[in-house]
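Here is the structure we will look at.
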Amino acid sequence: MSRYLFALGQSVARHRWWVLAVWILLLVGAIGFAVGTGGKTNDDFTVPGTESQDAVSLLQQRMPAFSGAQMQVVFATPGMTKVTDPQATGEIEQAMAGFKGLPQVAAVVDPFQAKAVSPNQRVALGSVQFSVSAGEVSQDTLDKVNGIAGSAREAGLDVEFSGGVYPGFTAEIPHTPEILGIVAAFIILLITFGAVVAAGLPIVTALVGVGIGVTGILGVAAFVDVPSAATSLALMLGLSCGIDYALFILSRHRHHIVLGMPAVESIPLAVGTAGSSVVFAAITVIIALCGLTVAGIPFLTVMGLTAAGAVLVAMLVALTLLPALLGFAGGTVAKFISPPLNPGKAEEVARIAAYEPERTCGHAWGRFVTRFRIPLLVLGIAILAVLAVPATRMELGLPSGATQPESSTAHKAYEVVSGSFGAGFNGPLLVVTDLSHATSADAAQTLMGRLRQEPDVAVVQPAGADNGLMLIQVIPKTGPDDSATTDLVNRLRDDRDSIVNGTGATYLVGGTTAANIDTSKKLGDALPVFLAVVVGLALVLLTIAFRTVLVPLTSIVGFILSVFAALGTQVAVFQWGWGASLFHVTKAETLSFLPIITLAIIFGLSSDYQIFVVSRIKEEHTRTEDAITSVQNGVAHSARVVTAAALIMFGVFVAFTTVDNPIVKPLAFTLAVGVLLDAFIVRLTLVPAVMALVGNRMWYHPRWFARFVPDLDIEGAELERRLANDAEAEAPQGITSAS
């Protein structure tokens, strides 16, 4: 692989103007594609193979007007005023009549006709049924909904919304996280390289990659449903991976420049050596993200594929655009800054790293790890195990009004409804009943009577009927995130035969709450399968990379420790509420798709760091054949760069924790913790400690193994030997011709 990448680096550096022009055209084209198609993300999602999805399909066939999204409208009166007072009643009825006349509205339920008035007569609960899904409700309709609510507010009523769709239900994610992440990355790169040009190039190339990736996703969103979280995930990974991949190639190039190698020779060599690791690392991330298709849930598949696309673009940018820009930069990548308080320090650090690596902090850490390998192994594993304990109590769910920011209308509506009616009114179940083969005229009443007798059921009421179908609304006594509500849904399905016995009716339990429960269960069931796929994939890929079995095994064990420690930390903060005020989070269940996404991403990133650290150790072992020395030297060469890369990843993810979004915030937090733990505890401590403990046996493989496992030369050792031999072969000819 390394020799092909070396040739690519040569070609790119030689034709850098053409390469730059191509990437500029791609960026302009991607932006034009997004603008021209007008693609927008939406949070419509289906979960094939679940009863709640079957209920939606049945409604689409026989009651299409009731198959769309629903919006709850919460009216409350201030002071001692009651909603039953004539003026308040008139305003509420006027508002409901206004909603009924809007486009895409199939039906409205007046709170007074439905007797949805709180016991203290201070709150009234109405609902609006749309004829289309949440993503298809036009912004114009939502603006009109907001206008009608505004008139009611001006008349003295408090009006809040909840449900599947409402004004502002798709909150825009600000650009602040990207800015914060870029600033943090530039500062880290400036400290790492001590040169402005070297610090700026990875930022520039990453921004180009992110621009193409994200705008491309928005363009695709015009043709397929793309969840809003997909762009945030692609942005996080595209930015962090883009900077990291460029960092690894640039650091090797700058190392060559400091040693006196001309840029024209250094660029292809850096692409051929560090570039091999970049390719392998990116492929592991891409395959892991594509593996999210294992869950069989379309919105998760789209998230995985779009994020994989962003990582692919980041890799291609690092392998082509970066070398082209390095050709333009020449020796300026080693033009060091001179801090006023410590002039010459940056250049001194770079030269020590190049000429005397045994004096670096990385080498000191390598010596420390190899000397105290057993205590560090025990301590590191103990820390990760303790952090992972909360993951055993993980409860999966999807965002509801309770998990939204306190300032949001959905959260306010949730609190008002819970306090006035009961938490269950925030998550009604929709029982889609087929009466086409009913044995008596009172079959529906019999069925509703039996549903009322079920434990944990607060209210049972009809919600519409047509074409042989009847919709029955079952309101639980507990909230949508409560385990008792999950038990109720399961019980209504398990006891179906006894509930419909003698009526000739059949039913399906659906609605948003049931759909969330089904999604969480399906994701929970897919998690072990996905973990097995990821572990198997890691074993195969890392075995091919290092041509030994022990290195992949240590990587897998480390990956499992770091990912479950990250998930455990997330449970402690977001589910249990430890430090909730510090991180400004609302206690809630763990996002049902968070574990599987975390597994995919941490697997890919941990493989990145494993490859970058172990490839340098293997390179040193090939040279010295001494286990302890190779670990010390390998860590010395990789520690500074891996530290910078991990801190950049951490900084980008932490920046996204400032987003007040119930999906983005916990995901960014978990990834930030996972990257930090995996890079510093696993890859720079536990893995070198194990390698020092096992010694030369770490690289053992039987003879037959070498015949079946290809040597990809990801560390570039074979490439460097070939170039050295070519230089020796050419030297006498040069002397002879000169004489």
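Every chain in the structure tokens has a letter given in the order shown (A, B, ...), and although residue numbers restart at 1 in each chain, ligands are simply numbered from 1 in the order shown.
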Contacts of region 496-509 of chain A at 7 Å (only C-alpha atoms; same-chain gap of 4+ positions) as a list in words: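 Non-adjacent residues within range: Glu51, Ser52, Ala55, Leu429, Leu430, Val431, Val432, Thr433, Asp434, Leu435, His437, Ala438, Thr439, Ser440, Ala443, Leu447, Arg450, Leu492 and Ala514 of chain A.
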Per residue of region 571-669 of chain A within 7 Å of region 239-258 of chain A, note the shortest atom pair and the distance in Å to one decimal, counting only C-alpha atoms, and order the rows by chain and increasing residue number, as CSV.
```
residue,atom,partner,partner_atom,distance
A:Val641,CA,A:Phe248,CA,6.9
A:Ala645,CA,A:Asp244,CA,5.2
A:Ile648,CA,A:Ser240,CA,6.6
A:Met649,CA,A:Ser240,CA,5.1
A:Val652,CA,A:Ser240,CA,6.4
```
Would you mind exporting the chosen residues as a JSON list (two decimals), in the first residue's frame, restricted to C-alpha atoms?
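Result written to part_10.json:
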```json
[["chain", "number", "residue", "atom", "x", "y", "z"],
["A", 641, "VAL", "CA", 0.95, 13.55, 17.73],
["A", 645, "ALA", "CA", -5.08, 14.32, 17.74],
["A", 648, "ILE", "CA", -8.53, 17.92, 18.97],
["A", 649, "MET", "CA", -11.18, 15.18, 18.82],
["A", 652, "VAL", "CA", -14.56, 19.23, 18.84]]
```
Show me, as a Markdown table, the residues of region 46-131 of chain A having an atom within 7 Å of region 401-425 of chain A, each with the closest atom pair and its distance in Å, using only C-alpha atoms.
```
| residue | atom | partner | partner_atom | distance |
| --- | --- | --- | --- | --- |
| A:Val74 | CA | A:Ala413 | CA | 6.3 |
| A:Ser118 | CA | A:Ser420 | CA | 5.5 |
| A:Val123 | CA | A:Ser420 | CA | 6.8 |
```
Keeping only N, CA and C atoms, write those residues as an mmCIF file, in the first residue's frame.
```
data_model
loop_
_atom_site.group_PDB
_atom_site.id
_atom_site.type_symbol
_atom_site.label_atom_id
_atom_site.label_comp_id
_atom_site.auth_asym_id
_atom_site.auth_seq_id
_atom_site.Cartn_x
_atom_site.Cartn_y
_atom_site.Cartn_z
ATOM 1 N N VAL A 74 -51.747 22.963 24.551
ATOM 2 C CA VAL A 74 -52.035 23.120 25.979
ATOM 3 C C VAL A 74 -52.400 24.578 26.243
ATOM 4 N N SER A 118 -58.689 20.186 33.080
ATOM 5 C CA SER A 118 -58.127 19.732 34.354
ATOM 6 C C SER A 118 -59.133 19.906 35.487
ATOM 7 N N VAL A 123 -56.503 24.347 33.091
ATOM 8 C CA VAL A 123 -55.797 23.883 31.892
ATOM 9 C C VAL A 123 -56.766 23.108 31.002
#
```
Every residue of region 61-231 of chain A that DSSP places in alpha helix (DSSP H), as a VMD selection string: chain A and resid 61 to 62 86 to 100 139 to 154 176 to 193 196 to 220 228 to 231
Near-region 97-112 of chain A list (9 Å; only C-alpha atoms; drop same-chain fewer than 5 positions) as a VMD selection string: chain A and resid 65 to 66 68 84 89 92 117 124 to 132 137 to 138 141 144 to 145 148 463
Go through region 664-705 of chain A and flag each residue having an atom no more than 12 Å from region 351-363 of chain A; for those, report the closest pair of atoms plus their distance in Å to one decimal, using only C-alpha atoms, ordered by chain and rising number, as a tab-separated table.
```
residue	atom	partner	partner_atom	distance
A:Leu684	CA	A:Gly362	CA	9.6
A:Thr685	CA	A:Gly362	CA	11.4
A:Pro688	CA	A:His363	CA	11.9
```
For the selection you just gave me, I'd like the residues written to a file as a compact mmCIF listing (two decimals), in the first residue's frame, keeping all heavy atoms.
```txt
# COMPACT_ATOMS: atom_id res chain seq x y z
N LEU A 684 -2.12 4.80 24.91
CA LEU A 684 -0.80 5.29 25.31
C LEU A 684 -0.32 4.71 26.64
O LEU A 684 0.80 4.99 27.06
CB LEU A 684 -0.82 6.83 25.40
CG LEU A 684 -0.89 7.56 24.06
CD1 LEU A 684 -0.99 9.07 24.28
CD2 LEU A 684 0.32 7.25 23.19
N THR A 685 -1.16 3.91 27.30
CA THR A 685 -0.75 3.33 28.58
C THR A 685 -0.91 1.81 28.60
O THR A 685 0.07 1.07 28.70
CB THR A 685 -1.55 3.95 29.74
OG1 THR A 685 -1.39 5.37 29.72
CG2 THR A 685 -1.04 3.43 31.08
N PRO A 688 0.87 -0.15 25.38
CA PRO A 688 2.33 -0.25 25.52
C PRO A 688 2.75 -1.09 26.71
O PRO A 688 3.76 -1.81 26.65
CB PRO A 688 2.77 1.22 25.70
CG PRO A 688 1.69 2.01 25.05
CD PRO A 688 0.43 1.26 25.33
```
Gly32 (chain A) environment, 12 Å, only C-alpha atoms, sequence neighbours closer than 5 positions dropped, as a PyMOL selection string: chain A and resi 25-27+37-39+211-212+215-216+218-219
Selection near Asn490 (chain A), 10 Å with only C-alpha atoms, sequence-local residues under 4 positions removed, as a list in words: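 The filter keeps Ala484, Thr485, Thr486, Asp494, Asp495, Arg496, Val509, Ala514, Ile517 and Asp518 of chain A.
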All residues 8 Å or closer to region 695-697 of chain A, only C-alpha atoms, same chain fewer than 4 positions away omitted, as a PyMOL selection string: chain A and resi 625-628+691
DSSP strand (DSSP E or B) selection over region 478-582 of chain A, as an MDAnalysis selection string: chainID A and resid 506:510
For N, CA and C atoms, I'd like the residues from the last selection saved as a CSV table (one decimal), in the first residue's frame.
```csv
chain,number,residue,atom,x,y,z
A,506,THR,N,-59.9,-7.0,16.0
A,506,THR,CA,-58.5,-7.1,16.2
A,506,THR,C,-57.9,-5.7,16.4
A,507,TYR,N,-56.8,-5.6,17.0
A,507,TYR,CA,-56.2,-4.3,17.2
A,507,TYR,C,-54.7,-4.3,17.2
A,508,LEU,N,-54.1,-3.2,16.9
A,508,LEU,CA,-52.6,-3.0,17.0
A,508,LEU,C,-52.4,-1.8,17.9
A,509,VAL,N,-51.4,-1.9,18.7
A,509,VAL,CA,-51.0,-0.8,19.6
A,509,VAL,C,-49.9,0.1,19.0
A,510,GLY,N,-50.3,1.3,18.7
A,510,GLY,CA,-49.3,2.2,18.1
A,510,GLY,C,-49.3,3.6,18.7
```
Near-Trp576 (chain A) list (12 Å; only C-alpha atoms; drop same-chain fewer than 5 positions) as a list in words: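 Final neighbour list, sorted by chain and number: Pro390, Ala391, Arg393, Met394, Glu395, Gly568, Thr569, Gln570, Val571, Ser581, Val585, Thr586, Lys587, Ala588, Glu589 and Thr590 of chain A.
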Top pick for closest residue to Val673 (chain A), considering A:Ala324, A:Ile602, A:Ile188, A:Ile611 and counting only C-alpha atoms: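 Among the listed residues, A:Ile602 lies closest to Val673 (chain A).
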Nearest to Arg153 (chain A) by atom-to-atom distance, counting only C-alpha atoms, from A:Ala88, A:Ala668, A:Ala515, A:Val675: A:Ala88
